[in-house]
Amino acid sequence: MKVQRILPTEEAADLLGLVRDIAAGELAPRVTEFEESHTFPREIVRTLGKAGLLSLPYPEEYGGGGQPYEVYLQALEEIAYHWFGVAEAVNVHNLACFGTAAYGTRAQREELLPGMLGGELLGAYCLSEPEAGSDAAALTTRAVREDDGYRISGTKAWVTHAGHADFYTVFTRTGGPGARGLSCLVVPGGTPGMVVHEPERKLGVWSNPTAQIGFDGVRVPAGRLIGREGKGFLIAMGALDCGRLGIAACAVGIAQAAADYAVRYAKERRQFGQRILSFQGIGFLLADMATQIAAARALTLAAARLKDAGRPYSLEAAKAKLFATDVAMKVTTDAVQVLGGAGYVRDHPVERWMREAKLLQIVEGTNQIQRMVISQGL
């Protein structure tokens with residue numbers, strides 16, 4: 001990937017170099033093996049954690065990398081370029097840490113964040129339910145106060161890292177109906193009463209499992225309540241703003257990978273006595289792909305810089321997620337077209353990138369939801 005990047009510091013440039021080396025050396029050679037076997041690369045993710053890449057945007061005092069979001073997103077793009085399943089793991093882990101970092105008490109941050117950010121532990125984010133997807137305020141999983149803790153009952157859906165995570169950030173109802181009745185609890189993995197269902201049979205991202213989790217009277221200490229009761233919806237939406245930027249960065253990485261592969265193929269493939277890159281129909285298609293990717297990257301980083309400056313960025317995050325993921329879908333589909341019949345078989349990775357891009361238009365709020373967010377903001 002040859003991208004001209006403007007980074008805020010020399011340290012950031014060195015960090016991106018490290019990420020690029022790890023991604024090219026450790027991730028790229030193994031992606032096919034793990035995708036084909038539907039195996040979660042837990043040790044590879046742990047290696048990223050030990051290198052400090054699971055906690056880049058969080059404070060150094062608690063074990064994070066202390067990096068601005070514009071740097072974190074470019075690191076995430078580099079990882080997604082080589083293996084989206086691992087980039088998704090990084091993004092979801094950061095979602096799971098958000099509530100504790102942003103809304104936890106000082107005592108909670110001192111107790112929980114070093115483990116969350118240290119690289120050994122992996123988090124999961126539990127918001128959606130079988131009957132509550134886009135309408136997160138309608139969730140029905142309930143936590144009942146009991147002595148010095150809570151007892152959780154219900155079912156969470158579409159949980160990435162289900163069965164592999166060491167902690168689960170769970171949004172549950174502690175009060176009445178609607179958004180004001182929701183709260184956020186951090187539940188250790190393996191707590192009695194948690195039941196991980198069979199993984200979903202997904203179109204793509206086979207190396208990162210997604211499943212429902214049942215909570216059958218799961219007991220959680222009161223000290224694992226993040227913020228206060230009724231704060232859960234606010235925490236969830238704040239996490240999703242961050243997560244949308246992460247998804248946008250992943251979309252840019254996938255799109256760039258597909259475009260680069262299509263260009264290499266078009267330089268080598270010959271028809272009618274010449275490289276297919278020399279045909280205007282192919283050349284213009286590739287030119288449009290490159291332009292759309294550059295625009296998606298610029299929009300994503302512009303939103304990140306607003307966040308880093310402490311300014312409102314929710315609408316810009318929605319725009320970035322919407323545009324970048326639509327671009328990824330178009331670019332990967334066009335990359336398949338450039339390869340022709342070769343693009344439709346698993347001998348080439350473009351078909352995998354196309355399947356992965358489809359997911360990005362759905363997660364962290366579907367692109368229809370992003371359009372609602374943006375239009376309401378107008």
# chains A, B, ... in the order shown; residues from 1 in each chain; ligands from 1

$ residues_around --residues "A:Trp353" --least-positions-apart "2" --cutoff "12 Å" --atoms "only C-alpha atoms" --output "count of residues only"
46

$ residues_around --residues "stretch 108-121 of chain A" --least-positions-apart "2" --cutoff "9 Å" --atoms "only C-alpha atoms" --output "PDB file with C-alpha atoms, in the first residue's frame"
ATOM      1  CA  VAL A  45      -4.445 -10.927  18.401  1.00  0.00           C
ATOM      2  CA  ARG A  46      -2.518 -11.408  21.642  1.00  0.00           C
ATOM      3  CA  THR A  47       0.701 -10.615  19.754  1.00  0.00           C
ATOM      4  CA  LEU A  48      -0.844  -7.328  18.614  1.00  0.00           C
ATOM      5  CA  GLY A  49      -1.819  -6.651  22.212  1.00  0.00           C
ATOM      6  CA  LYS A  50       1.731  -7.203  23.455  1.00  0.00           C
ATOM      7  CA  ALA A  51       2.900  -4.753  20.787  1.00  0.00           C
ATOM      8  CA  GLY A  52       0.465  -2.185  22.205  1.00  0.00           C
ATOM      9  CA  LEU A  53      -1.825  -2.191  19.169  1.00  0.00           C
ATOM     10  CA  LEU A  54      -5.062  -3.121  20.966  1.00  0.00           C
ATOM     11  CA  SER A  55      -5.192   0.059  23.028  1.00  0.00           C
ATOM     12  CA  LEU A  56      -3.660   2.837  20.928  1.00  0.00           C
ATOM     13  CA  TYR A  58      -6.419   5.146  25.368  1.00  0.00           C
ATOM     14  CA  GLU A  61      -1.449   6.091  32.553  1.00  0.00           C
ATOM     15  CA  TYR A  62      -3.699   3.029  32.310  1.00  0.00           C
ATOM     16  CA  GLY A  63      -1.595   1.101  29.815  1.00  0.00           C
ATOM     17  CA  GLY A  64      -2.894   2.588  26.568  1.00  0.00           C
ATOM     18  CA  GLY A  65      -0.890   3.977  23.689  1.00  0.00           C
ATOM     19  CA  HIS A  93     -11.962  -4.540  21.635  1.00  0.00           C
ATOM     20  CA  ASN A  94     -11.711  -0.748  21.632  1.00  0.00           C
ATOM     21  CA  ALA A  96     -15.591  -2.815  24.700  1.00  0.00           C
ATOM     22  CA  CYS A  97     -13.062  -0.632  26.559  1.00  0.00           C
ATOM     23  CA  THR A 100     -14.876   2.034  31.371  1.00  0.00           C
ATOM     24  CA  ALA A 101     -12.370   4.550  29.995  1.00  0.00           C
ATOM     25  CA  TYR A 103     -17.467   6.844  32.134  1.00  0.00           C
ATOM     26  CA  GLY A 104     -15.896   4.647  34.795  1.00  0.00           C
ATOM     27  CA  THR A 105     -14.949   6.018  38.204  1.00  0.00           C
ATOM     28  CA  ARG A 106     -11.294   6.543  38.901  1.00  0.00           C
ATOM     29  CA  GLY A 123     -13.183  -7.590  25.050  1.00  0.00           C
ATOM     30  CA  ALA A 165     -13.518 -12.705  24.975  1.00  0.00           C
ATOM     31  CA  ASP A 166     -12.168 -12.244  28.486  1.00  0.00           C
ATOM     32  CA  PHE A 167     -14.722  -9.545  29.340  1.00  0.00           C
ATOM     33  CA  GLY A 223     -18.794  -2.425  41.169  1.00  0.00           C
ATOM     34  CA  ARG A 224     -19.016  -3.522  37.528  1.00  0.00           C
ATOM     35  CA  ILE A 226     -20.196   1.656  34.545  1.00  0.00           C
TER      36      ILE A 226
END

$ atom_distance --atom1 "atom CA of A:Lys2" --atom2 "atom CA of A:Glu70"
17.9 Å

$ residues_around --residues "A:Leu315" --least-positions-apart "6" --cutoff "9 Å" --atoms "only C-alpha atoms" --output "ChimeraX atom specification"
/A:241,303,370,373-374,377

$ write_last_selection --atoms "all heavy atoms" --output "tab-separated table (two decimals), in the first residue's frame"
chain	number	residue	atom	x	y	z
A	241	ASP	N	-20.06	5.97	18.08
A	241	ASP	CA	-19.41	7.04	17.32
A	241	ASP	C	-17.95	6.69	17.06
A	241	ASP	O	-17.44	6.84	15.93
A	241	ASP	CB	-19.49	8.36	18.09
A	241	ASP	CG	-20.85	9.02	18.00
A	241	ASP	OD1	-21.62	8.66	17.08
A	241	ASP	OD2	-21.15	9.89	18.84
A	303	ALA	N	-12.96	13.57	10.34
A	303	ALA	CA	-13.80	13.32	11.51
A	303	ALA	C	-12.95	12.99	12.73
A	303	ALA	O	-13.23	13.44	13.85
A	303	ALA	CB	-14.76	12.16	11.22
A	370	GLN	N	-27.27	5.45	9.33
A	370	GLN	CA	-26.37	6.60	9.20
A	370	GLN	C	-27.06	7.75	8.46
A	370	GLN	O	-26.91	8.91	8.83
A	370	GLN	CB	-25.09	6.20	8.46
A	370	GLN	CG	-24.33	5.03	9.04
A	370	GLN	CD	-24.12	5.11	10.53
A	370	GLN	OE1	-23.75	6.15	11.07
A	370	GLN	NE2	-24.37	4.01	11.22
A	373	VAL	N	-29.32	9.44	10.88
A	373	VAL	CA	-28.55	10.28	11.81
A	373	VAL	C	-28.15	11.59	11.14
A	373	VAL	O	-28.29	12.69	11.71
A	373	VAL	CB	-27.30	9.52	12.31
A	373	VAL	CG1	-26.34	10.46	13.06
A	373	VAL	CG2	-27.70	8.35	13.19
A	374	ILE	N	-27.65	11.50	9.92
A	374	ILE	CA	-27.17	12.68	9.21
A	374	ILE	C	-28.32	13.61	8.86
A	374	ILE	O	-28.25	14.83	9.07
A	374	ILE	CB	-26.40	12.27	7.93
A	374	ILE	CG1	-25.13	11.49	8.30
A	374	ILE	CG2	-26.04	13.51	7.10
A	374	ILE	CD1	-24.55	10.70	7.15
A	377	GLY	N	-29.58	15.41	11.80
A	377	GLY	CA	-28.62	16.43	12.22
A	377	GLY	C	-28.68	17.69	11.38
A	377	GLY	O	-28.17	18.74	11.80

$ atom_distance --atom1 "atom CA of A:Leu306" --atom2 "atom CA of A:Tyr168"
28.8 Å

$ closest_residue --among "A:Val170, A:Ala157, A:Ile247, A:Ala136" --to "A:Val220" --atoms "only C-alpha atoms"
A:Val170

$ select_by_dssp --residues "stretch 205-366 of chain A" --states "strand (DSSP E)" --output "PDB file with N, CA, C and O atoms, in the first residue's frame"
ATOM      1  N   THR A 210     -19.010 -14.848  15.395  1.00  0.00           N
ATOM      2  CA  THR A 210     -20.118 -14.024  15.863  1.00  0.00           C
ATOM      3  C   THR A 210     -21.211 -14.967  16.336  1.00  0.00           C
ATOM      4  O   THR A 210     -21.564 -15.914  15.623  1.00  0.00           O
ATOM      5  N   ALA A 211     -21.758 -14.726  17.521  1.00  0.00           N
ATOM      6  CA  ALA A 211     -22.764 -15.641  18.057  1.00  0.00           C
ATOM      7  C   ALA A 211     -23.670 -14.929  19.051  1.00  0.00           C
ATOM      8  O   ALA A 211     -23.353 -13.837  19.529  1.00  0.00           O
ATOM      9  N   GLN A 212     -24.781 -15.567  19.344  1.00  0.00           N
ATOM     10  CA  GLN A 212     -25.636 -15.104  20.432  1.00  0.00           C
ATOM     11  C   GLN A 212     -25.068 -15.594  21.766  1.00  0.00           C
ATOM     12  O   GLN A 212     -24.398 -16.626  21.826  1.00  0.00           O
ATOM     13  N   ILE A 213     -25.330 -14.820  22.822  1.00  0.00           N
ATOM     14  CA  ILE A 213     -24.948 -15.221  24.175  1.00  0.00           C
ATOM     15  C   ILE A 213     -26.181 -15.112  25.062  1.00  0.00           C
ATOM     16  O   ILE A 213     -26.833 -14.056  25.121  1.00  0.00           O
ATOM     17  N   GLY A 214     -26.512 -16.201  25.742  1.00  0.00           N
ATOM     18  CA  GLY A 214     -27.599 -16.192  26.703  1.00  0.00           C
ATOM     19  C   GLY A 214     -27.084 -15.869  28.095  1.00  0.00           C
ATOM     20  O   GLY A 214     -26.010 -16.327  28.493  1.00  0.00           O
ATOM     21  N   PHE A 215     -27.839 -15.045  28.808  1.00  0.00           N
ATOM     22  CA  PHE A 215     -27.510 -14.704  30.201  1.00  0.00           C
ATOM     23  C   PHE A 215     -28.631 -15.264  31.074  1.00  0.00           C
ATOM     24  O   PHE A 215     -29.754 -14.761  31.065  1.00  0.00           O
ATOM     25  N   ASP A 216     -28.316 -16.325  31.797  1.00  0.00           N
ATOM     26  CA  ASP A 216     -29.306 -17.018  32.612  1.00  0.00           C
ATOM     27  C   ASP A 216     -29.033 -16.750  34.086  1.00  0.00           C
ATOM     28  O   ASP A 216     -28.373 -17.516  34.779  1.00  0.00           O
ATOM     29  N   GLY A 217     -29.513 -15.594  34.554  1.00  0.00           N
ATOM     30  CA  GLY A 217     -29.295 -15.216  35.944  1.00  0.00           C
ATOM     31  C   GLY A 217     -27.835 -14.982  36.269  1.00  0.00           C
ATOM     32  O   GLY A 217     -27.363 -15.354  37.351  1.00  0.00           O
ATOM     33  N   VAL A 218     -27.111 -14.355  35.364  1.00  0.00           N
ATOM     34  CA  VAL A 218     -25.677 -14.119  35.554  1.00  0.00           C
ATOM     35  C   VAL A 218     -25.452 -13.071  36.639  1.00  0.00           C
ATOM     36  O   VAL A 218     -25.982 -11.958  36.567  1.00  0.00           O
ATOM     37  N   ARG A 219     -24.664 -13.424  37.636  1.00  0.00           N
ATOM     38  CA  ARG A 219     -24.428 -12.544  38.795  1.00  0.00           C
ATOM     39  C   ARG A 219     -23.202 -11.681  38.546  1.00  0.00           C
ATOM     40  O   ARG A 219     -22.124 -12.185  38.233  1.00  0.00           O
ATOM     41  N   VAL A 220     -23.366 -10.352  38.678  1.00  0.00           N
ATOM     42  CA  VAL A 220     -22.280  -9.397  38.464  1.00  0.00           C
ATOM     43  C   VAL A 220     -22.211  -8.456  39.666  1.00  0.00           C
ATOM     44  O   VAL A 220     -23.239  -7.923  40.095  1.00  0.00           O
ATOM     45  N   PRO A 221     -21.011  -8.227  40.230  1.00  0.00           N
ATOM     46  CA  PRO A 221     -20.898  -7.298  41.363  1.00  0.00           C
ATOM     47  C   PRO A 221     -21.337  -5.881  40.987  1.00  0.00           C
ATOM     48  O   PRO A 221     -21.186  -5.453  39.836  1.00  0.00           O
ATOM     49  N   LEU A 225     -20.877  -1.931  37.466  1.00  0.00           N
ATOM     50  CA  LEU A 225     -21.771  -0.985  36.797  1.00  0.00           C
ATOM     51  C   LEU A 225     -20.953   0.217  36.358  1.00  0.00           C
ATOM     52  O   LEU A 225     -20.297   0.874  37.176  1.00  0.00           O
ATOM     53  N   ILE A 226     -20.978   0.540  35.075  1.00  0.00           N
ATOM     54  CA  ILE A 226     -20.196   1.656  34.545  1.00  0.00           C
ATOM     55  C   ILE A 226     -21.091   2.891  34.468  1.00  0.00           C
ATOM     56  O   ILE A 226     -22.203   2.842  33.947  1.00  0.00           O
ATOM     57  N   ARG A 270      -2.992  -9.838 -20.079  1.00  0.00           N
ATOM     58  CA  ARG A 270      -2.947  -9.361 -21.461  1.00  0.00           C
ATOM     59  C   ARG A 270      -4.108  -9.962 -22.265  1.00  0.00           C
ATOM     60  O   ARG A 270      -4.409 -11.147 -22.154  1.00  0.00           O
ATOM     61  N   GLN A 271      -4.748  -9.095 -23.041  1.00  0.00           N
ATOM     62  CA  GLN A 271      -5.779  -9.511 -23.977  1.00  0.00           C
ATOM     63  C   GLN A 271      -5.647  -8.667 -25.253  1.00  0.00           C
ATOM     64  O   GLN A 271      -5.284  -7.485 -25.170  1.00  0.00           O
ATOM     65  N   GLN A 274      -2.291  -6.715 -25.609  1.00  0.00           N
ATOM     66  CA  GLN A 274      -1.825  -5.633 -24.734  1.00  0.00           C
ATOM     67  C   GLN A 274      -2.359  -5.816 -23.315  1.00  0.00           C
ATOM     68  O   GLN A 274      -3.312  -6.572 -23.078  1.00  0.00           O
ATOM     69  N   ARG A 275      -1.719  -5.120 -22.386  1.00  0.00           N
ATOM     70  CA  ARG A 275      -2.175  -5.167 -20.996  1.00  0.00           C
ATOM     71  C   ARG A 275      -3.579  -4.586 -20.903  1.00  0.00           C
ATOM     72  O   ARG A 275      -3.879  -3.562 -21.534  1.00  0.00           O
TER      73      ARG A 275
END

$ closest_atom_pairs --of "stretch 220-271 of chain A" --to "stretch 281-285 of chain A" --cutoff "12 Å" --atoms "only C-alpha atoms" --output "CSV"
residue,atom,partner,partner_atom,distance
A:Ala259,CA,A:Leu285,CA,10.0
A:Ala262,CA,A:Ile282,CA,9.7
A:Val263,CA,A:Gly283,CA,8.9
A:Tyr265,CA,A:Ile282,CA,11.1
A:Ala266,CA,A:Ile282,CA,7.9
A:Lys267,CA,A:Gly283,CA,10.3
A:Arg269,CA,A:Ile282,CA,11.6

$ write_last_selection --atoms "N, CA and C atoms" --output "PDB file, in the first residue's frame"
ATOM      1  N   ALA A 259      -8.129  -2.403  -4.595  1.00  0.00           N
ATOM      2  CA  ALA A 259      -7.689  -1.563  -5.709  1.00  0.00           C
ATOM      3  C   ALA A 259      -6.255  -1.879  -6.108  1.00  0.00           C
ATOM      4  N   ALA A 262      -6.197  -5.114  -7.985  1.00  0.00           N
ATOM      5  CA  ALA A 262      -6.752  -4.963  -9.332  1.00  0.00           C
ATOM      6  C   ALA A 262      -5.766  -4.276 -10.267  1.00  0.00           C
ATOM      7  N   VAL A 263      -5.050  -3.292  -9.749  1.00  0.00           N
ATOM      8  CA  VAL A 263      -4.051  -2.603 -10.580  1.00  0.00           C
ATOM      9  C   VAL A 263      -2.940  -3.562 -10.975  1.00  0.00           C
ATOM     10  N   TYR A 265      -3.059  -6.787 -11.219  1.00  0.00           N
ATOM     11  CA  TYR A 265      -3.596  -7.755 -12.174  1.00  0.00           C
ATOM     12  C   TYR A 265      -3.730  -7.127 -13.561  1.00  0.00           C
ATOM     13  N   ALA A 266      -4.235  -5.876 -13.599  1.00  0.00           N
ATOM     14  CA  ALA A 266      -4.444  -5.210 -14.890  1.00  0.00           C
ATOM     15  C   ALA A 266      -3.125  -4.914 -15.601  1.00  0.00           C
ATOM     16  N   LYS A 267      -2.033  -4.802 -14.838  1.00  0.00           N
ATOM     17  CA  LYS A 267      -0.725  -4.604 -15.455  1.00  0.00           C
ATOM     18  C   LYS A 267      -0.177  -5.895 -16.060  1.00  0.00           C
ATOM     19  N   ARG A 269      -2.222  -8.887 -16.809  1.00  0.00           N
ATOM     20  CA  ARG A 269      -3.151  -9.604 -17.674  1.00  0.00           C
ATOM     21  C   ARG A 269      -3.157  -8.987 -19.077  1.00  0.00           C
TER      22      ARG A 269
END

$ closest_residue --among "A:Leu95, A:Arg173, A:Thr160, A:Glu129" --to "A:Arg142" --atoms "only C-alpha atoms"
A:Arg173

$ atom_distance --atom1 "atom CA of A:Gln376" --atom2 "atom CA of A:Tyr313"
14.4 Å

$ select_by_dssp --residues "stretch 170-238 of chain A" --states "helix (DSSP H, G or I)" --output "list of chain:residue names"
A:Ala179, A:Arg180, A:Gly181, A:Ala222, A:Gly223, A:Arg224, A:Gly232, A:Phe233, A:Leu234, A:Ile235, A:Ala236, A:Met237, A:Gly238
